[in-house]
Amino acid sequence: MVHLNPERLARLLADPRHEPELFEHLAEGCEVCEAFLATASHPLLDGATDAALLALGARAAAGAPVDEVRAEKTWRRIRGAGGKGAPRWLVALAALLLAFVAVWALRPRDDGGAGLKGGGPRLTLELQAVVRSADGAMSRVEAGQPVAPSGTLLIRYHASESGSAKLVLLRGAQREELGSVAVEAGTHDLSRDGTLLGFSLEGEHGRLGVRLEAVDSTGEVTLEVR
Amino acid sequence: MEELARVLQRAAEGDEAAYRALYRGYRRGVVRLCAAFAALDSDEVEDVVQETFVRAFRRVGQLKEAKAFEPWLYAIARNRALTALERKGTASKAKAELGNDEAPVTQLIPAALELEAAVEVVREVIAALPDGPEKHTAHLFYVEGELNAREIAEREGVGKSAITMRLERFRSRVKRVLLRRLLETQWST
């Protein structure tokens, strides 16, 4: 019994008469060949398979509610990414980590002013924005500072404790939540799952804020894109 | 299809309204494709949607024919979804690469893989399946078309990965039959 493998499939697709036994074999269900096909990437066959599968329930799916807010958010990210193809929030720039250093003093922990101890540590956050221009130059951005609508915005944070925070993008009065990120005690570059997060400024205009919201504290940077 | 061809032409010329029309028209399909992968959460699905359309828009001008757009888009989406799963460590990196899904479909769609014929194959495969979990899951996901893999897992009281495996197994059956149909037309020419 012959089964599919990359070489045999390539020969079959070139001319099925090269593999007559396998050609006949494929007329019947075979777990070995189907397991192979599950991992074998063939754009035309894969695309046609998925188009047919999805067409089957398309009418029912068309009646399902659409999360318009989410769809619109993603559209803005696509539009912002332009033809560059880079996912807006997953720009890997790890090589640039050493290009800038920012140091912040620890924010004094708020103990209620009464000198009381206990109640567990509180997470406090401070953010610093740095823009990397198209030519690779890095420049620290102060609050409200105007920046050109190009380059990539990077965020460095200082956290007093480890924890998690909600990542929020603010465009004027508009608020866009971008999921949660883990923050570690100390000064770090903002990342998710080990990938440095960068924010493309292309297509942006006006007041733009990035905020990290933790239970105890909110850190925010704001800049003016123009 | 003529309307789609016009929209694709405008998109190839950089018309943002055309990009938006394609996004509005095909977003649901891409989201639905991702919904079969229970390990992807809703944020990750949106990342896949974004990457898929950005990549498609970059090369849309190289499409040979309008009816190739949808399968090509889904091929990109599947590849992006698998890459996202690899990043999470929930999918094997071992893949038999038999083509580059980032490259546009520059060949004509063979009759055996045209949508109507392929949908008929899906119906035949479902009808031929014995009653059991795989058939039930495939019916819920592909025929009823409303629940995602996570929701099916919750409803059926089984693990998410079990639902994804059933859907992938069913998809592989369909893919095998479509491959065979494609080869039949080649054999006879």
# chains A, B, ... in the order shown; residues from 1 in each chain; ligands from 1
call {"tool": "residues_around", "arguments": {"residues": "stretch 160-173 of chain B", "least_positions_apart": "4", "cutoff": "10 Å", "atoms": "only C-alpha atoms", "output": "PDB file with C-alpha atoms, in the first residue's frame"}}
result
ATOM      1  CA  GLU A  28     -10.989   5.668  -0.796  1.00  0.00           C
ATOM      2  CA  GLY A  29     -10.666   7.089   2.674  1.00  0.00           C
ATOM      3  CA  CYS A  30      -7.211   6.603   4.176  1.00  0.00           C
ATOM      4  CA  GLU A  31      -6.246   7.952   7.567  1.00  0.00           C
ATOM      5  CA  CYS A  33      -3.048  10.042   3.509  1.00  0.00           C
ATOM      6  CA  GLU A  34      -5.583  12.339   5.144  1.00  0.00           C
ATOM      7  CA  ALA A  35      -3.245  12.960   8.067  1.00  0.00           C
ATOM      8  CA  PHE A  36      -0.582  13.894   5.554  1.00  0.00           C
ATOM      9  CA  LEU A  37      -2.956  16.215   3.719  1.00  0.00           C
ATOM     10  CA  ALA A  38      -3.826  17.914   7.004  1.00  0.00           C
ATOM     11  CA  THR A  39      -0.273  19.246   7.207  1.00  0.00           C
ATOM     12  CA  ALA A  40       0.588  19.501   3.511  1.00  0.00           C
ATOM     13  CA  ASP A  46      -6.271  24.445   0.600  1.00  0.00           C
ATOM     14  CA  THR A  49     -11.242  23.363   0.338  1.00  0.00           C
ATOM     15  CA  ASP A  50     -11.808  26.189   2.790  1.00  0.00           C
ATOM     16  CA  LEU A  53     -16.434  24.430   3.543  1.00  0.00           C
TER      17      LEU A  53
ATOM     18  CA  ALA B  35     -12.972  30.046  14.404  1.00  0.00           C
ATOM     19  CA  ALA B  36     -12.170  26.397  13.684  1.00  0.00           C
ATOM     20  CA  PHE B  37      -8.929  26.812  15.648  1.00  0.00           C
ATOM     21  CA  ALA B  38     -10.107  26.797  19.231  1.00  0.00           C
ATOM     22  CA  ALA B  39      -6.676  27.734  20.552  1.00  0.00           C
ATOM     23  CA  THR B  90       0.020  24.733  19.815  1.00  0.00           C
ATOM     24  CA  VAL B 122     -18.396  18.719   0.895  1.00  0.00           C
ATOM     25  CA  VAL B 125     -18.412  13.791   2.293  1.00  0.00           C
ATOM     26  CA  ILE B 126     -20.782  14.767   5.087  1.00  0.00           C
ATOM     27  CA  LEU B 129     -19.756   9.968   7.148  1.00  0.00           C
ATOM     28  CA  PRO B 133     -18.794  12.953  16.863  1.00  0.00           C
ATOM     29  CA  GLU B 134     -16.956  13.986  13.685  1.00  0.00           C
ATOM     30  CA  LYS B 135     -20.109  14.220  11.599  1.00  0.00           C
ATOM     31  CA  HIS B 136     -21.940  16.005  14.387  1.00  0.00           C
ATOM     32  CA  THR B 137     -19.137  18.525  14.856  1.00  0.00           C
ATOM     33  CA  ALA B 138     -18.732  19.129  11.126  1.00  0.00           C
ATOM     34  CA  HIS B 139     -22.470  19.703  10.834  1.00  0.00           C
ATOM     35  CA  PHE B 141     -19.550  24.125  12.490  1.00  0.00           C
ATOM     36  CA  TYR B 142     -19.809  24.011   8.719  1.00  0.00           C
ATOM     37  CA  ASN B 148     -17.123  28.543  16.785  1.00  0.00           C
ATOM     38  CA  ALA B 149     -14.951  25.641  17.928  1.00  0.00           C
ATOM     39  CA  ARG B 150     -14.749  26.967  21.491  1.00  0.00           C
ATOM     40  CA  GLU B 151     -18.513  27.287  21.722  1.00  0.00           C
ATOM     41  CA  ILE B 152     -19.011  23.805  20.319  1.00  0.00           C
ATOM     42  CA  ALA B 153     -16.561  22.429  22.885  1.00  0.00           C
ATOM     43  CA  GLU B 154     -18.484  24.087  25.701  1.00  0.00           C
ATOM     44  CA  GLU B 156     -20.624  19.330  23.871  1.00  0.00           C
ATOM     45  CA  VAL B 177     -11.682  14.019  -2.323  1.00  0.00           C
ATOM     46  CA  LEU B 178     -11.030  17.384  -3.978  1.00  0.00           C
ATOM     47  CA  LEU B 179      -7.485  16.284  -4.758  1.00  0.00           C
TER      48      LEU B 179
END
call {"tool": "interface_residues", "arguments": {"of": "chain B", "to": "chain A", "cutoff": "7 Å", "atoms": "only C-alpha atoms", "output": "JSON, numbers by chain"}}
result
{"B": [29, 46, 50, 51, 54, 55, 58, 70, 71, 72, 74, 75, 95, 96, 97, 98, 99, 100, 101, 113, 115, 118, 119, 122, 142, 143, 144, 145, 146, 168, 172, 173, 174, 175, 176, 180, 183, 186, 187]}
call {"tool": "write_last_selection", "arguments": {"atoms": "C-alpha atoms", "output": "compact mmCIF listing (two decimals), in the first residue's frame"}}
result
# COMPACT_ATOMS: atom_id res chain seq x y z
CA GLY B 29 -15.10 34.14 5.96
CA GLU B 46 -8.17 39.79 14.73
CA GLN B 50 -5.28 41.98 9.83
CA GLU B 51 -2.24 40.12 8.53
CA VAL B 54 -2.64 43.37 4.46
CA ARG B 55 -0.82 40.57 2.63
CA ARG B 58 -0.21 44.00 -1.36
CA GLU B 70 -11.47 33.84 -2.28
CA PRO B 71 -9.45 30.60 -2.22
CA TRP B 72 -6.23 32.59 -2.29
CA TYR B 74 -8.30 31.72 2.62
CA ALA B 75 -4.98 30.07 1.85
CA LYS B 95 4.64 21.23 7.32
CA ALA B 96 5.00 19.84 3.89
CA GLU B 97 5.31 23.00 1.84
CA LEU B 98 4.00 22.37 -1.63
CA GLY B 99 3.48 25.94 -2.60
CA ASN B 100 3.86 29.47 -1.40
CA ASP B 101 0.54 30.77 -0.16
CA LEU B 113 -12.04 23.10 -7.68
CA LEU B 115 -16.83 26.65 -5.79
CA ALA B 118 -16.33 21.81 -4.38
CA VAL B 119 -19.38 22.55 -2.24
CA VAL B 122 -18.40 18.72 0.90
CA TYR B 142 -19.81 24.01 8.72
CA VAL B 143 -23.49 23.46 7.97
CA GLU B 144 -25.15 25.37 10.78
CA GLY B 145 -22.25 27.81 10.61
CA GLU B 146 -22.92 29.80 13.76
CA GLU B 168 -9.31 19.25 10.83
CA SER B 172 -8.71 16.54 5.39
CA ARG B 173 -11.34 14.15 4.05
CA VAL B 174 -12.76 16.92 1.90
CA LYS B 175 -9.29 17.88 0.77
CA ARG B 176 -8.52 14.30 -0.25
CA ARG B 180 -8.80 13.12 -6.31
CA LEU B 183 -6.38 14.48 -10.50
CA GLN B 186 -5.78 15.71 -15.26
CA TRP B 187 -5.83 11.96 -15.90
call {"tool": "closest_residue", "arguments": {"among": "B:Ala117, B:Leu108, B:Asn79, B:Ser188", "to": "B:Lys64", "atoms": "only C-alpha atoms"}}
result
B:Leu108
call {"tool": "closest_residue", "arguments": {"among": "A:Val215, A:Val69, A:Leu153, A:Ala159", "to": "A:Glu202", "atoms": "only C-alpha atoms"}}
result
A:Leu153
call {"tool": "atom_distance", "arguments": {"atom1": "atom CA of B:Glu3", "atom2": "atom CA of B:Phe57"}}
result
17.3 Å
